[in-house]
Amino acid sequence: MREPERRGPRPSSVPVSGETAAVVLDGAGVVLARSARAATLLECSPGQACEPLLGLLPRSGTDPGPVGRPVAVPGGRHEGRTGQEAPLVCTVVRLTAGAPGGSGSGAQWLVLVTPAETPVEAAERDAERRRRGLSRAAAAGIGASLDVTEMAETLVDLLVPDFADLATVDIAEQVLAGDEPPHLDTSGDVRLRRTAAAQSPEISAEDLLAVGEALPPVTDNALMRPLMKGLPVLVADIAVLHAELGVDPRSLPLFIPSGAHSSVAVPLYARGLILGCVTVWRSQLPSAFGEEDAALLQDVVSRAALGVDNARRYTKEHRSAVALQRSLLPRSALDCAAAETVGVYQPAGGGVGVGGDWFDVIPLPSLRVAFVVGDVVGHGLDATAAMARLRTAVQTLADLDLDPGELLTHLDDLVLDLSGEEMGGEETAGASRSETAVLGATCLYAVYDPVTRKCAAATAGHPPPAVLAPGEEPVFVGMTPGPPLGVGGMPFEVTEFAVRPDSMLAFFTDGLVESRGGDIGEGMERLRGALSGADPSRTLGEISQGVFDSVLPQEPTDDVALLLARTHALPCDQVAEWELEADLSLVAHARELVVGRLSEWQLDELGFVTELVASELVTNAIRYAGGPVGLRLIRDRVLVCEVSDRSGTQPRLRRARETDEGGRGLFLVAQLTDRWGCRFTSTGKTIWTEQPIGTPPAGAA
């Protein structure tokens, strides 16, 4: 015998209220069995025909009737829990097949009867659906940003249009700047600014306070007082708000949208601080806000308040880090004898923050200038601290007047020493992080001489500079790159190239030409194109901003440092140089040459000191180093006197005793000039002195 056919009930698409009732009928509609719930919904007794359901059974085997789909019970009504009546909905399911021939006799049917929702119940269910959806959306969407304004915009977009017709977020001005708001009491003044607003398309809020504007002051009143305690304020009757808000009636349209019938205000309250206020309004949605809505909004706003406070803290830390980074960098614009320079630093976007990119411009003796650009691994204060250590080290080494390759070698040794200390655990945890950031740092060091019009540069894993000569296309200098700092054991080769007067040099970090998923070659071509289109009549500041606008994306993923330099060349008539043989009798001739040239330059007031300096230095060079000896004078904002020889011995300044016959030469030079020093070259050394022009020389009586 074949098993009777059994089909489960299909899910109903009709909103229902309460439990489902079950009735089993035979082919004639006689009740065979019923549930207790069916006895309260239908007047059908076992053994009798159920009149309300007779019309729902199939009349023949070819008539499917309403089998498997929900239909209304004719004349069936029930009273919902709200006191309103609503129809009954049933679904017919075949339990056993009827006799052959399709008459339907012998068949058994299961009828599932469900009370439909009343209008009030449907409205409540819809409201509950909106509340659950808002709660899920808030959990998923709030807190994903570290920008206060973006957080506020996310919040109002969540609230409108499903929960409210209009939503506004007003945040304390101190919070927008990253600071803590004042601790408010019931008598404090709330300085809020409209930060975000959203509204349904059907409503108009033209008179409402616009985003970005400050809220007019609100006097203390009983209606708003709970906000100062972190509690929500529910207003089911807007007339009450009109009467008790305590503002000038002419200002009410700024606070209350026209047509609103209810409102809820919830403070942005986090960690004991009132950060702002969220206000929602209903005008098109028929149901007024209730206690459940206020509780839900308070839960959502509490999540948002933590997110806003985190964003505020990040804003403050980011602002401090940027301020620290910028304070550790040199002045953005510098104009010296060798070049006019402008440096720009741009932190990374998207919440990444500041990093360890830096640039520097270091004036060197003999009117030369050093250009430095570097990049430290990572972001945050640790990278900034590491950058500061490297920049200080470069400035110290530059004061020794080393050539670029030797300077990077010493810098590499320093990084290895720092990393060795970190690996040995001799530093604190905070210092270890900054030392780790030093590892893998890159640096480019270049020295430009306006007299020779040449630039010497070396790189430790850093991109080469670009040169834009007047009337030509920009080119990247072909350099042999050295390894990043901290590798050790590898030389840093020096590349020397000629620079035409009024050329522009561009030094940059990889954040300008690299991007996630992008090729650095493509980025350098974009930079080349941006430099090619630069108008030479524009200032370097305008050109650097144009480069950033052309090359950088909206939110760069890495911080960027860009240093632009427009080179100067010293005219030949401001330089005088001679070569002397190793003959002490030529010292007098050297003095004559110096005095004669200073007379031509109308610098006779510097003649006595410069003659004495040249005499002492040339005498020492001939006596201790041999020949030939180079003598050079350079005139610009200062007067530079240089004496070069082939010796690699470092001169030392000492105080001669009264019984010593010599040893006073360098001491006199140091006392009579403004500055002096020594630098080593590939052929020997050069001792230089500087005297200011137009002021009395130091030590002159």
# chains A, B, ... in the order shown; residues from 1 in each chain; ligands from 1

$ residues_around --residues "region 30-47 of chain A" --least-positions-apart "5" --cutoff "7 Å" --atoms "only C-alpha atoms" --output "MDAnalysis selection string"
chainID A and resid 21:25 78

$ residues_around --residues "Arg591 (chain A)" --least-positions-apart "2" --cutoff "7 Å" --atoms "only C-alpha atoms" --output "list in words"
Val587, Ala588, His589, Leu593, Val594, Val595, Glu611, Ala614 and Ser615 of chain A

$ write_last_selection --atoms "N, CA and C atoms" --output "JSON list (two decimals), in the first residue's frame"
[["chain", "number", "residue", "atom", "x", "y", "z"],
["A", 587, "VAL", "N", 105.05, 84.46, 0.07],
["A", 587, "VAL", "CA", 104.02, 84.85, 1.02],
["A", 587, "VAL", "C", 103.74, 86.34, 0.90],
["A", 588, "ALA", "N", 104.78, 87.13, 0.72],
["A", 588, "ALA", "CA", 104.58, 88.58, 0.54],
["A", 588, "ALA", "C", 103.78, 88.87, -0.72],
["A", 589, "HIS", "N", 104.04, 88.11, -1.77],
["A", 589, "HIS", "CA", 103.28, 88.28, -3.01],
["A", 589, "HIS", "C", 101.80, 87.92, -2.79],
["A", 593, "LEU", "N", 98.54, 90.25, -3.51],
["A", 593, "LEU", "CA", 97.39, 89.84, -4.32],
["A", 593, "LEU", "C", 96.08, 90.05, -3.57],
["A", 594, "VAL", "N", 96.06, 89.70, -2.29],
["A", 594, "VAL", "CA", 94.84, 89.83, -1.50],
["A", 594, "VAL", "C", 94.46, 91.30, -1.35],
["A", 595, "VAL", "N", 95.44, 92.15, -1.00],
["A", 595, "VAL", "CA", 95.14, 93.57, -0.80],
["A", 595, "VAL", "C", 94.68, 94.21, -2.10],
["A", 611, "GLU", "N", 94.69, 90.17, 4.92],
["A", 611, "GLU", "CA", 96.12, 90.05, 4.60],
["A", 611, "GLU", "C", 96.82, 89.22, 5.64],
["A", 614, "ALA", "N", 95.60, 85.47, 5.30],
["A", 614, "ALA", "CA", 96.21, 84.81, 4.14],
["A", 614, "ALA", "C", 97.68, 84.54, 4.39],
["A", 615, "SER", "N", 98.37, 85.48, 5.02],
["A", 615, "SER", "CA", 99.79, 85.30, 5.30],
["A", 615, "SER", "C", 100.03, 84.11, 6.22]]

$ closest_residue --among "A:Ser503, A:Thr683, A:Thr442, A:Ser419" --to "Glu472 (chain A)" --atoms "only C-alpha atoms"
A:Ser503

$ select_by_dssp --residues "region 356-433 of chain A" --states "strand (DSSP E)" --output "VMD selection string"
chain A and resid 358 to 363 369 to 375

$ residues_around --residues "Ile543 (chain A)" --least-positions-apart "2" --cutoff "10 Å" --atoms "only C-alpha atoms" --output "CSV table (one decimal) with N, CA and C atoms, in the first residue's frame"
chain,number,residue,atom,x,y,z
A,342,VAL,N,62.4,75.8,-1.1
A,342,VAL,CA,61.1,75.7,-0.5
A,342,VAL,C,60.9,74.2,-0.2
A,530,ALA,N,54.7,66.7,-14.2
A,530,ALA,CA,54.3,67.9,-13.4
A,530,ALA,C,55.4,68.9,-13.4
A,531,LEU,N,56.7,68.5,-13.3
A,531,LEU,CA,57.8,69.5,-13.3
A,531,LEU,C,57.9,70.1,-14.7
A,533,GLY,N,55.6,70.9,-16.7
A,533,GLY,CA,54.6,71.9,-16.9
A,533,GLY,C,54.7,73.1,-15.9
A,534,ALA,N,55.8,73.1,-15.1
A,534,ALA,CA,55.9,74.1,-14.1
A,534,ALA,C,56.3,75.4,-14.8
A,535,ASP,N,55.6,76.5,-14.5
A,535,ASP,CA,56.0,77.8,-15.0
A,535,ASP,C,57.1,78.4,-14.3
A,536,PRO,N,58.3,78.7,-14.9
A,536,PRO,CA,59.4,79.2,-14.2
A,536,PRO,C,59.2,80.5,-13.5
A,537,SER,N,58.2,81.3,-14.0
A,537,SER,CA,57.9,82.6,-13.4
A,537,SER,C,57.2,82.4,-12.0
A,538,ARG,N,56.6,81.3,-11.7
A,538,ARG,CA,55.9,81.1,-10.5
A,538,ARG,C,56.9,80.9,-9.4
A,539,THR,N,56.5,81.1,-8.1
A,539,THR,CA,57.3,80.9,-7.0
A,539,THR,C,57.5,79.4,-6.7
A,540,LEU,N,58.5,79.0,-6.0
A,540,LEU,CA,58.7,77.6,-5.7
A,540,LEU,C,57.6,77.0,-4.9
A,541,GLY,N,57.0,77.9,-4.0
A,541,GLY,CA,55.9,77.4,-3.2
A,541,GLY,C,54.7,77.0,-4.1
A,545,GLN,N,53.1,73.2,-4.7
A,545,GLN,CA,51.7,72.9,-4.5
A,545,GLN,C,51.1,72.3,-5.8
A,546,GLY,N,51.5,72.8,-7.0
A,546,GLY,CA,51.1,72.3,-8.2
A,546,GLY,C,51.5,70.8,-8.4
A,547,VAL,N,52.7,70.5,-8.0
A,547,VAL,CA,53.2,69.1,-8.1
A,547,VAL,C,52.4,68.2,-7.2
A,548,PHE,N,52.1,68.7,-6.0
A,548,PHE,CA,51.3,67.8,-5.1
A,548,PHE,C,49.9,67.6,-5.7
A,549,ASP,N,49.3,68.7,-6.3
A,549,ASP,CA,48.0,68.5,-6.9
A,549,ASP,C,48.0,67.6,-8.1
A,564,LEU,N,62.3,71.7,-3.2
A,564,LEU,CA,62.6,72.3,-4.5
A,564,LEU,C,63.7,73.4,-4.2

$ atom_distance --atom1 "CA of Arg646 (chain A)" --atom2 "CA of Glu690 (chain A)"
21.7 Å

$ atom_distance --atom1 "CA of Glu525 (chain A)" --atom2 "CA of Thr495 (chain A)"
22.0 Å

$ residues_around --residues "Arg632 (chain A)" --least-positions-apart "4" --cutoff "12 Å" --atoms "only C-alpha atoms" --output "list in words"
Ser366, Val451, Gln574, Val575, Ala576, Glu577, Trp578, Glu579, Leu580, Ala590, Leu593, Val594, Arg597, Leu598, Thr610, Ala614, Leu617, Val618, Leu639, Val640, Cys641, Glu642, Val643, Ser644, Asp645, Thr686, Ile687, Trp688 and Thr689 of chain A

$ closest_residue --among "A:Cys336, A:Glu581, A:Ile520, A:Asp401" --to "Phe680 (chain A)" --atoms "only C-alpha atoms"
A:Asp401

$ closest_residue --among "A:Val475, A:Trp358, A:Pro470, A:Leu400" --to "Ala441 (chain A)" --atoms "only C-alpha atoms"
A:Trp358

$ residues_around --residues "Arg271 (chain A)" --least-positions-apart "5" --cutoff "10 Å" --atoms "only C-alpha atoms" --output "PyMOL selection string"
chain A and resi 305-306+309

$ write_last_selection --atoms "C-alpha atoms" --output "compact mmCIF listing (two decimals), in the first residue's frame"
# COMPACT_ATOMS: atom_id res chain seq x y z
CA ALA A 305 30.04 58.98 21.25
CA LEU A 306 32.86 56.52 21.85
CA ASP A 309 35.87 60.57 21.35

$ atom_distance --atom1 "CA of Arg225 (chain A)" --atom2 "CA of Val240 (chain A)"
14.7 Å

$ residues_around --residues "Gly290 (chain A)" --least-positions-apart "5" --cutoff "12 Å" --atoms "only C-alpha atoms" --output "PDB file with N, CA, C and O atoms, in the first residue's frame"
ATOM      1  N   GLU A 124       3.556  48.527  14.748  1.00  0.00           N
ATOM      2  CA  GLU A 124       4.541  48.192  15.773  1.00  0.00           C
ATOM      3  C   GLU A 124       5.611  47.262  15.222  1.00  0.00           C
ATOM      4  O   GLU A 124       6.796  47.397  15.536  1.00  0.00           O
ATOM      5  N   ALA A 127       7.928  49.259  13.108  1.00  0.00           N
ATOM      6  CA  ALA A 127       8.831  50.051  13.940  1.00  0.00           C
ATOM      7  C   ALA A 127       9.922  49.188  14.552  1.00  0.00           C
ATOM      8  O   ALA A 127      11.092  49.590  14.623  1.00  0.00           O
ATOM      9  N   GLU A 128       9.545  48.000  14.993  1.00  0.00           N
ATOM     10  CA  GLU A 128      10.544  47.096  15.560  1.00  0.00           C
ATOM     11  C   GLU A 128      11.554  46.681  14.506  1.00  0.00           C
ATOM     12  O   GLU A 128      12.752  46.550  14.787  1.00  0.00           O
ATOM     13  N   ARG A 131      13.939  49.450  14.118  1.00  0.00           N
ATOM     14  CA  ARG A 131      14.858  49.534  15.251  1.00  0.00           C
ATOM     15  C   ARG A 131      15.949  48.476  15.167  1.00  0.00           C
ATOM     16  O   ARG A 131      17.119  48.754  15.426  1.00  0.00           O
ATOM     17  N   PHE A 163      14.494  55.744  10.530  1.00  0.00           N
ATOM     18  CA  PHE A 163      14.199  56.013  11.942  1.00  0.00           C
ATOM     19  C   PHE A 163      13.644  57.414  12.151  1.00  0.00           C
ATOM     20  O   PHE A 163      12.831  57.641  13.038  1.00  0.00           O
ATOM     21  N   PRO A 232      18.753  61.276  27.703  1.00  0.00           N
ATOM     22  CA  PRO A 232      18.001  61.730  26.532  1.00  0.00           C
ATOM     23  C   PRO A 232      16.809  62.583  26.931  1.00  0.00           C
ATOM     24  O   PRO A 232      16.321  62.527  28.062  1.00  0.00           O
ATOM     25  N   VAL A 233      16.344  63.381  25.969  1.00  0.00           N
ATOM     26  CA  VAL A 233      15.155  64.212  26.163  1.00  0.00           C
ATOM     27  C   VAL A 233      14.169  63.846  25.059  1.00  0.00           C
ATOM     28  O   VAL A 233      14.446  64.042  23.875  1.00  0.00           O
ATOM     29  N   LEU A 234      13.017  63.296  25.471  1.00  0.00           N
ATOM     30  CA  LEU A 234      11.961  62.899  24.539  1.00  0.00           C
ATOM     31  C   LEU A 234      10.868  63.954  24.557  1.00  0.00           C
ATOM     32  O   LEU A 234      10.332  64.289  25.613  1.00  0.00           O
ATOM     33  N   VAL A 235      10.550  64.468  23.373  1.00  0.00           N
ATOM     34  CA  VAL A 235       9.490  65.470  23.243  1.00  0.00           C
ATOM     35  C   VAL A 235       8.445  64.899  22.300  1.00  0.00           C
ATOM     36  O   VAL A 235       8.656  64.848  21.084  1.00  0.00           O
ATOM     37  N   ALA A 236       7.316  64.443  22.867  1.00  0.00           N
ATOM     38  CA  ALA A 236       6.244  63.895  22.042  1.00  0.00           C
ATOM     39  C   ALA A 236       5.318  64.967  21.518  1.00  0.00           C
ATOM     40  O   ALA A 236       4.550  64.727  20.580  1.00  0.00           O
ATOM     41  N   ASP A 237       5.372  66.154  22.096  1.00  0.00           N
ATOM     42  CA  ASP A 237       4.526  67.271  21.668  1.00  0.00           C
ATOM     43  C   ASP A 237       5.434  68.468  21.409  1.00  0.00           C
ATOM     44  O   ASP A 237       6.028  69.031  22.340  1.00  0.00           O
ATOM     45  N   SER A 262       7.325  65.299  16.682  1.00  0.00           N
ATOM     46  CA  SER A 262       7.988  64.731  17.860  1.00  0.00           C
ATOM     47  C   SER A 262       9.489  64.769  17.642  1.00  0.00           C
ATOM     48  O   SER A 262       9.972  64.869  16.510  1.00  0.00           O
ATOM     49  N   SER A 263      10.219  64.650  18.742  1.00  0.00           N
ATOM     50  CA  SER A 263      11.676  64.781  18.673  1.00  0.00           C
ATOM     51  C   SER A 263      12.314  64.043  19.836  1.00  0.00           C
ATOM     52  O   SER A 263      11.702  63.870  20.896  1.00  0.00           O
ATOM     53  N   VAL A 264      13.559  63.624  19.606  1.00  0.00           N
ATOM     54  CA  VAL A 264      14.387  63.049  20.669  1.00  0.00           C
ATOM     55  C   VAL A 264      15.775  63.663  20.556  1.00  0.00           C
ATOM     56  O   VAL A 264      16.345  63.714  19.456  1.00  0.00           O
ATOM     57  N   ARG A 282      10.589  63.766  13.656  1.00  0.00           N
ATOM     58  CA  ARG A 282       9.646  63.075  12.782  1.00  0.00           C
ATOM     59  C   ARG A 282       8.551  64.044  12.359  1.00  0.00           C
ATOM     60  O   ARG A 282       7.981  64.754  13.195  1.00  0.00           O
ATOM     61  N   ALA A 295      15.288  54.938  23.890  1.00  0.00           N
ATOM     62  CA  ALA A 295      16.291  54.006  24.417  1.00  0.00           C
ATOM     63  C   ALA A 295      17.197  53.496  23.304  1.00  0.00           C
ATOM     64  O   ALA A 295      18.421  53.369  23.481  1.00  0.00           O
ATOM     65  N   LEU A 296      16.581  53.185  22.134  1.00  0.00           N
ATOM     66  CA  LEU A 296      17.392  52.716  21.011  1.00  0.00           C
ATOM     67  C   LEU A 296      18.349  53.805  20.545  1.00  0.00           C
ATOM     68  O   LEU A 296      19.539  53.549  20.308  1.00  0.00           O
ATOM     69  N   LEU A 297      17.860  55.035  20.416  1.00  0.00           N
ATOM     70  CA  LEU A 297      18.728  56.128  19.977  1.00  0.00           C
ATOM     71  C   LEU A 297      19.854  56.359  20.976  1.00  0.00           C
ATOM     72  O   LEU A 297      20.991  56.636  20.589  1.00  0.00           O
TER      73      LEU A 297
END

$ closest_residue --among "A:Gln298, A:Asn221, A:Ser283, A:Thr557" --to "Tyr269 (chain A)" --atoms "only C-alpha atoms"
A:Gln298

$ decode --residues "region 331-392 of chain A" --atoms "C-alpha atoms" --output "PDB file, in the first residue's frame"
ATOM      1  CA  ARG A 331      62.027  76.618   7.720  1.00  0.00           C
ATOM      2  CA  SER A 332      59.896  75.918   4.670  1.00  0.00           C
ATOM      3  CA  ALA A 333      61.580  78.691   2.646  1.00  0.00           C
ATOM      4  CA  LEU A 334      65.255  79.652   2.654  1.00  0.00           C
ATOM      5  CA  ASP A 335      67.212  82.002   0.405  1.00  0.00           C
ATOM      6  CA  CYS A 336      70.998  81.814   0.507  1.00  0.00           C
ATOM      7  CA  ALA A 337      73.849  82.613  -1.862  1.00  0.00           C
ATOM      8  CA  ALA A 338      73.758  79.170  -3.435  1.00  0.00           C
ATOM      9  CA  ALA A 339      70.027  78.614  -3.892  1.00  0.00           C
ATOM     10  CA  GLU A 340      66.502  79.594  -3.085  1.00  0.00           C
ATOM     11  CA  THR A 341      64.655  76.656  -1.509  1.00  0.00           C
ATOM     12  CA  VAL A 342      61.147  75.664  -0.466  1.00  0.00           C
ATOM     13  CA  GLY A 343      60.336  72.467   1.394  1.00  0.00           C
ATOM     14  CA  VAL A 344      56.887  70.973   1.891  1.00  0.00           C
ATOM     15  CA  TYR A 345      55.821  68.094   4.132  1.00  0.00           C
ATOM     16  CA  GLN A 346      52.468  66.326   3.604  1.00  0.00           C
ATOM     17  CA  PRO A 347      51.256  63.711   6.137  1.00  0.00           C
ATOM     18  CA  ALA A 348      49.545  60.577   4.892  1.00  0.00           C
ATOM     19  CA  GLY A 349      45.761  60.516   4.693  1.00  0.00           C
ATOM     20  CA  GLY A 350      43.199  57.890   5.597  1.00  0.00           C
ATOM     21  CA  GLY A 351      44.114  57.858   9.288  1.00  0.00           C
ATOM     22  CA  VAL A 352      47.724  56.801   8.634  1.00  0.00           C
ATOM     23  CA  GLY A 353      49.155  60.011  10.080  1.00  0.00           C
ATOM     24  CA  VAL A 354      52.634  61.450  10.139  1.00  0.00           C
ATOM     25  CA  GLY A 355      55.708  59.432   9.335  1.00  0.00           C
ATOM     26  CA  GLY A 356      59.441  59.863   9.190  1.00  0.00           C
ATOM     27  CA  ASP A 357      59.936  61.735   5.923  1.00  0.00           C
ATOM     28  CA  TRP A 358      62.110  64.813   6.235  1.00  0.00           C
ATOM     29  CA  PHE A 359      64.127  67.345   4.295  1.00  0.00           C
ATOM     30  CA  ASP A 360      66.853  69.743   5.298  1.00  0.00           C
ATOM     31  CA  VAL A 361      68.860  72.622   3.848  1.00  0.00           C
ATOM     32  CA  ILE A 362      72.243  73.102   5.525  1.00  0.00           C
ATOM     33  CA  PRO A 363      74.436  76.115   4.655  1.00  0.00           C
ATOM     34  CA  LEU A 364      78.060  75.063   4.321  1.00  0.00           C
ATOM     35  CA  PRO A 365      81.299  77.068   4.283  1.00  0.00           C
ATOM     36  CA  SER A 366      82.453  78.786   1.103  1.00  0.00           C
ATOM     37  CA  LEU A 367      78.833  79.666   0.195  1.00  0.00           C
ATOM     38  CA  ARG A 368      77.991  76.042  -0.552  1.00  0.00           C
ATOM     39  CA  VAL A 369      74.737  74.403   0.541  1.00  0.00           C
ATOM     40  CA  ALA A 370      73.731  70.832   1.370  1.00  0.00           C
ATOM     41  CA  PHE A 371      70.338  69.399   0.390  1.00  0.00           C
ATOM     42  CA  VAL A 372      69.091  66.458   2.425  1.00  0.00           C
ATOM     43  CA  VAL A 373      65.973  64.340   2.031  1.00  0.00           C
ATOM     44  CA  GLY A 374      65.222  61.104   3.860  1.00  0.00           C
ATOM     45  CA  ASP A 375      62.552  58.601   4.781  1.00  0.00           C
ATOM     46  CA  VAL A 376      62.196  56.568   7.974  1.00  0.00           C
ATOM     47  CA  VAL A 377      60.208  53.331   8.025  1.00  0.00           C
ATOM     48  CA  GLY A 378      56.774  53.435   9.655  1.00  0.00           C
ATOM     49  CA  HIS A 379      54.424  56.116  10.951  1.00  0.00           C
ATOM     50  CA  GLY A 380      53.581  57.796  14.225  1.00  0.00           C
ATOM     51  CA  LEU A 381      55.647  59.379  16.946  1.00  0.00           C
ATOM     52  CA  ASP A 382      58.232  56.577  16.869  1.00  0.00           C
ATOM     53  CA  ALA A 383      59.008  57.341  13.230  1.00  0.00           C
ATOM     54  CA  THR A 384      59.113  61.060  14.026  1.00  0.00           C
ATOM     55  CA  ALA A 385      61.565  60.462  16.875  1.00  0.00           C
ATOM     56  CA  ALA A 386      63.740  58.316  14.621  1.00  0.00           C
ATOM     57  CA  MET A 387      63.666  61.025  11.971  1.00  0.00           C
ATOM     58  CA  ALA A 388      64.772  63.616  14.518  1.00  0.00           C
ATOM     59  CA  ARG A 389      67.758  61.485  15.517  1.00  0.00           C
ATOM     60  CA  LEU A 390      68.826  60.991  11.918  1.00  0.00           C
ATOM     61  CA  ARG A 391      68.378  64.649  11.029  1.00  0.00           C
ATOM     62  CA  THR A 392      70.471  65.702  14.029  1.00  0.00           C
TER      63      THR A 392
END
